[in-house]
Amino acid sequence: MSRLEVIAGPMFSGKSEEMIRRLVRSSFARKGIFTLRPRLDDRVTRNIFNLINENNFLNSYKNIRSGFLDNPETLKRAIKDFGLQVLAIDEAQFFEPWIVDIIKETLDRFARDDFRIIVSGLDMNFLKEPFGPMPALMAMADEVVKLTAICHRCRTNPANLTYKLGDSKQKVEVGDSELYQARCRHCHALPD
């Protein structure tokens, strides 16, 4: 039976690491895996491809592929052309709403098969608003894992929010610790 698993949370909560844990289990079960991430996410560190290469089990697994996802056709082609049983999509908050429709279609198409889609991403942006397609994916998921980080400011509370450093109010801006922090509700502040 097909299923959708969504891993959500703020920056630095371990979403990609949780995806890697799930991919290791899938590779141990000898599943065909395709891992995708948006081309927009141009970070060199902390990306799913690097984590796969750093994992001793996954970097030697022969039935795993990785690629960038730019448009609906790329995703449809990946699903059709590669005999996969696990589709992993990292940083899903950066995708347009078409990703929700294709995931729905894919789950229905493989409804009777052993097929998993694992999606990870930020559920809220730095303005504490739902981010991209993540709320819709969480609503239709068979399983939702919501992770927290440790607040970068107080260093004691669980952080479920992402805080943006600096003055930029741009809603979609790719960055890492130079631009973002995980914050608890007490320490998070909206920009002026």
# chains A, B, ... in the order shown; residues from 1 in each chain; ligands from 1

$ select_by_dssp --residues "chain A" --states "alpha helix (DSSP H)" --output "number ranges by chain"
A: 15-28, 48-54, 72-81, 98-109, 134-140

$ residues_around --residues "Thr106 (chain A)" --least-positions-apart "6" --cutoff "12 Å" --atoms "only C-alpha atoms" --output "PyMOL selection string"
chain A and resi 1-4+75-80+84-87+99-100+112-113+115-117

$ write_last_selection --atoms "N, CA, C and O atoms" --output "PDB file, in the first residue's frame"
ATOM      1  N   MET A   1       0.837  -1.180   0.000  1.00  0.00           N
ATOM      2  CA  MET A   1       0.000   0.000   0.000  1.00  0.00           C
ATOM      3  C   MET A   1       0.885   1.248   0.000  1.00  0.00           C
ATOM      4  O   MET A   1       1.862   1.337   0.735  1.00  0.00           O
ATOM      5  N   SER A   2       0.542   2.217  -0.834  1.00  0.00           N
ATOM      6  CA  SER A   2       1.333   3.448  -0.887  1.00  0.00           C
ATOM      7  C   SER A   2       1.073   4.281   0.357  1.00  0.00           C
ATOM      8  O   SER A   2       0.013   4.205   0.969  1.00  0.00           O
ATOM      9  N   ARG A   3       2.103   5.057   0.735  1.00  0.00           N
ATOM     10  CA  ARG A   3       1.955   5.917   1.905  1.00  0.00           C
ATOM     11  C   ARG A   3       2.837   7.148   1.772  1.00  0.00           C
ATOM     12  O   ARG A   3       3.859   7.120   1.086  1.00  0.00           O
ATOM     13  N   LEU A   4       2.389   8.205   2.441  1.00  0.00           N
ATOM     14  CA  LEU A   4       3.126   9.463   2.465  1.00  0.00           C
ATOM     15  C   LEU A   4       3.560   9.737   3.895  1.00  0.00           C
ATOM     16  O   LEU A   4       2.736   9.735   4.806  1.00  0.00           O
ATOM     17  N   LEU A  75       9.567  15.325 -12.106  1.00  0.00           N
ATOM     18  CA  LEU A  75       9.074  14.400 -11.089  1.00  0.00           C
ATOM     19  C   LEU A  75       8.313  13.242 -11.723  1.00  0.00           C
ATOM     20  O   LEU A  75       8.533  12.077 -11.370  1.00  0.00           O
ATOM     21  N   LYS A  76       7.449  13.534 -12.678  1.00  0.00           N
ATOM     22  CA  LYS A  76       6.689  12.470 -13.346  1.00  0.00           C
ATOM     23  C   LYS A  76       7.630  11.491 -14.046  1.00  0.00           C
ATOM     24  O   LYS A  76       7.441  10.282 -13.999  1.00  0.00           O
ATOM     25  N   ARG A  77       8.656  12.018 -14.707  1.00  0.00           N
ATOM     26  CA  ARG A  77       9.625  11.175 -15.413  1.00  0.00           C
ATOM     27  C   ARG A  77      10.406  10.304 -14.431  1.00  0.00           C
ATOM     28  O   ARG A  77      10.626   9.117 -14.671  1.00  0.00           O
ATOM     29  N   ALA A  78      10.799  10.862 -13.302  1.00  0.00           N
ATOM     30  CA  ALA A  78      11.543  10.097 -12.292  1.00  0.00           C
ATOM     31  C   ALA A  78      10.695   8.939 -11.779  1.00  0.00           C
ATOM     32  O   ALA A  78      11.188   7.813 -11.620  1.00  0.00           O
ATOM     33  N   ILE A  79       9.435   9.181 -11.541  1.00  0.00           N
ATOM     34  CA  ILE A  79       8.544   8.138 -11.038  1.00  0.00           C
ATOM     35  C   ILE A  79       8.335   7.056 -12.092  1.00  0.00           C
ATOM     36  O   ILE A  79       8.332   5.864 -11.785  1.00  0.00           O
ATOM     37  N   LYS A  80       8.202   7.470 -13.349  1.00  0.00           N
ATOM     38  CA  LYS A  80       7.920   6.524 -14.437  1.00  0.00           C
ATOM     39  C   LYS A  80       9.156   5.714 -14.849  1.00  0.00           C
ATOM     40  O   LYS A  80       9.076   4.507 -15.056  1.00  0.00           O
ATOM     41  N   LEU A  84      11.346   2.497  -8.765  1.00  0.00           N
ATOM     42  CA  LEU A  84      11.560   2.877  -7.378  1.00  0.00           C
ATOM     43  C   LEU A  84      10.387   2.455  -6.508  1.00  0.00           C
ATOM     44  O   LEU A  84       9.270   2.289  -6.967  1.00  0.00           O
ATOM     45  N   GLN A  85      10.712   2.288  -5.242  1.00  0.00           N
ATOM     46  CA  GLN A  85       9.698   2.000  -4.228  1.00  0.00           C
ATOM     47  C   GLN A  85       9.686   3.077  -3.158  1.00  0.00           C
ATOM     48  O   GLN A  85       8.762   3.134  -2.355  1.00  0.00           O
ATOM     49  N   VAL A  86      10.713   3.924  -3.150  1.00  0.00           N
ATOM     50  CA  VAL A  86      10.795   5.016  -2.187  1.00  0.00           C
ATOM     51  C   VAL A  86      11.191   6.284  -2.946  1.00  0.00           C
ATOM     52  O   VAL A  86      12.211   6.322  -3.620  1.00  0.00           O
ATOM     53  N   LEU A  87      10.355   7.302  -2.801  1.00  0.00           N
ATOM     54  CA  LEU A  87      10.645   8.608  -3.370  1.00  0.00           C
ATOM     55  C   LEU A  87      10.841   9.556  -2.198  1.00  0.00           C
ATOM     56  O   LEU A  87       9.949   9.719  -1.364  1.00  0.00           O
ATOM     57  N   ILE A  99       3.364  20.197  -6.706  1.00  0.00           N
ATOM     58  CA  ILE A  99       3.937  19.021  -6.048  1.00  0.00           C
ATOM     59  C   ILE A  99       2.866  18.245  -5.297  1.00  0.00           C
ATOM     60  O   ILE A  99       2.887  17.010  -5.253  1.00  0.00           O
ATOM     61  N   VAL A 100       1.894  18.940  -4.724  1.00  0.00           N
ATOM     62  CA  VAL A 100       0.815  18.283  -3.987  1.00  0.00           C
ATOM     63  C   VAL A 100      -0.017  17.430  -4.941  1.00  0.00           C
ATOM     64  O   VAL A 100      -0.332  16.275  -4.644  1.00  0.00           O
ATOM     65  N   ARG A 112      -1.922   0.110  -4.439  1.00  0.00           N
ATOM     66  CA  ARG A 112      -1.827  -1.308  -4.065  1.00  0.00           C
ATOM     67  C   ARG A 112      -0.387  -1.807  -3.956  1.00  0.00           C
ATOM     68  O   ARG A 112      -0.148  -2.967  -3.659  1.00  0.00           O
ATOM     69  N   ASP A 113       0.557  -0.927  -4.203  1.00  0.00           N
ATOM     70  CA  ASP A 113       1.966  -1.322  -4.220  1.00  0.00           C
ATOM     71  C   ASP A 113       2.678  -0.923  -2.935  1.00  0.00           C
ATOM     72  O   ASP A 113       2.217  -0.060  -2.196  1.00  0.00           O
ATOM     73  N   PHE A 115       4.927   1.261  -1.877  1.00  0.00           N
ATOM     74  CA  PHE A 115       5.510   2.498  -2.394  1.00  0.00           C
ATOM     75  C   PHE A 115       5.398   3.570  -1.328  1.00  0.00           C
ATOM     76  O   PHE A 115       4.317   3.819  -0.804  1.00  0.00           O
ATOM     77  N   ARG A 116       6.533   4.217  -0.999  1.00  0.00           N
ATOM     78  CA  ARG A 116       6.559   5.268   0.025  1.00  0.00           C
ATOM     79  C   ARG A 116       7.071   6.561  -0.575  1.00  0.00           C
ATOM     80  O   ARG A 116       8.025   6.553  -1.353  1.00  0.00           O
ATOM     81  N   ILE A 117       6.454   7.638  -0.162  1.00  0.00           N
ATOM     82  CA  ILE A 117       6.967   8.967  -0.462  1.00  0.00           C
ATOM     83  C   ILE A 117       7.305   9.593   0.885  1.00  0.00           C
ATOM     84  O   ILE A 117       6.465   9.637   1.784  1.00  0.00           O
TER      85      ILE A 117
END

$ closest_residue --among "A:Val144, A:Ala159, A:Leu23, A:Ala92" --to "Ile64 (chain A)" --atoms "only C-alpha atoms"
A:Leu23

$ closest_residue --among "A:Pro10, A:Gly166, A:Pro97, A:Gly121" --to "Ala182 (chain A)" --atoms "only C-alpha atoms"
A:Pro10

$ residues_around --residues "Arg153 (chain A)" --least-positions-apart "3" --cutoff "10 Å" --atoms "only C-alpha atoms" --output "number ranges by chain"
A: 150, 156-157, 159, 181-184, 186-188

$ write_last_selection --atoms "C-alpha atoms" --output "short mmCIF file (atom, residue, chain, number, x, y, z; two decimals), in the first residue's frame"
data_model
loop_
_atom_site.label_atom_id
_atom_site.label_comp_id
_atom_site.auth_asym_id
_atom_site.auth_seq_id
_atom_site.Cartn_x
_atom_site.Cartn_y
_atom_site.Cartn_z
CA ILE A 150 17.08 23.74 20.67
CA THR A 156 17.17 25.71 26.89
CA ASN A 157 13.71 25.58 25.30
CA ALA A 159 12.47 25.51 19.27
CA GLN A 181 18.23 30.37 13.75
CA ALA A 182 15.85 28.00 15.50
CA ARG A 183 13.89 29.81 18.21
CA CYS A 184 11.33 28.94 20.88
CA HIS A 186 9.43 33.05 23.89
CA CYS A 187 12.59 34.08 22.00
CA HIS A 188 11.10 34.43 18.50
#

$ residues_around --residues "Leu40 (chain A)" --least-positions-apart "4" --cutoff "9 Å" --atoms "only C-alpha atoms" --output "list in words"
Asp70, Phe94 and Val174 of chain A

$ write_last_selection --atoms "C-alpha atoms" --output "PDB file, in the first residue's frame"
ATOM      1  CA  ASP A  70      12.636  21.802 -11.086  1.00  0.00           C
ATOM      2  CA  PHE A  94      10.393  25.499  -1.860  1.00  0.00           C
ATOM      3  CA  VAL A 174      18.037  30.144   0.891  1.00  0.00           C
TER       4      VAL A 174
END

$ atom_distance --atom1 "CA of Met19 (chain A)" --atom2 "CA of Asn47 (chain A)"
11.2 Å

$ residues_around --residues "region 31-37 of chain A" --least-positions-apart "4" --cutoff "7 Å" --atoms "only C-alpha atoms" --output "number ranges by chain"
A: 26-27, 63-69, 83-91

$ residues_around --residues "Val172 (chain A)" --least-positions-apart "2" --cutoff "10 Å" --atoms "only C-alpha atoms" --output "PyMOL selection string"
chain A and resi 40+93-94+125-126+131-132+169-170+174-175

$ write_last_selection --atoms "C-alpha atoms" --output "PDB file, in the first residue's frame"
ATOM      1  CA  LEU A  40      16.780  26.506  -5.716  1.00  0.00           C
ATOM      2  CA  GLN A  93       8.691  24.039   1.221  1.00  0.00           C
ATOM      3  CA  PHE A  94      10.393  25.499  -1.860  1.00  0.00           C
ATOM      4  CA  ASN A 125       8.462  30.427   7.482  1.00  0.00           C
ATOM      5  CA  PHE A 126      10.191  33.011   9.667  1.00  0.00           C
ATOM      6  CA  PHE A 131       5.277  27.558   4.190  1.00  0.00           C
ATOM      7  CA  GLY A 132       4.607  26.499   0.616  1.00  0.00           C
ATOM      8  CA  LYS A 169      11.911  40.348   4.726  1.00  0.00           C
ATOM      9  CA  GLN A 170      12.148  38.187   1.622  1.00  0.00           C
ATOM     10  CA  VAL A 174      18.037  30.144   0.891  1.00  0.00           C
ATOM     11  CA  GLY A 175      20.538  30.206   3.714  1.00  0.00           C
TER      12      GLY A 175
END
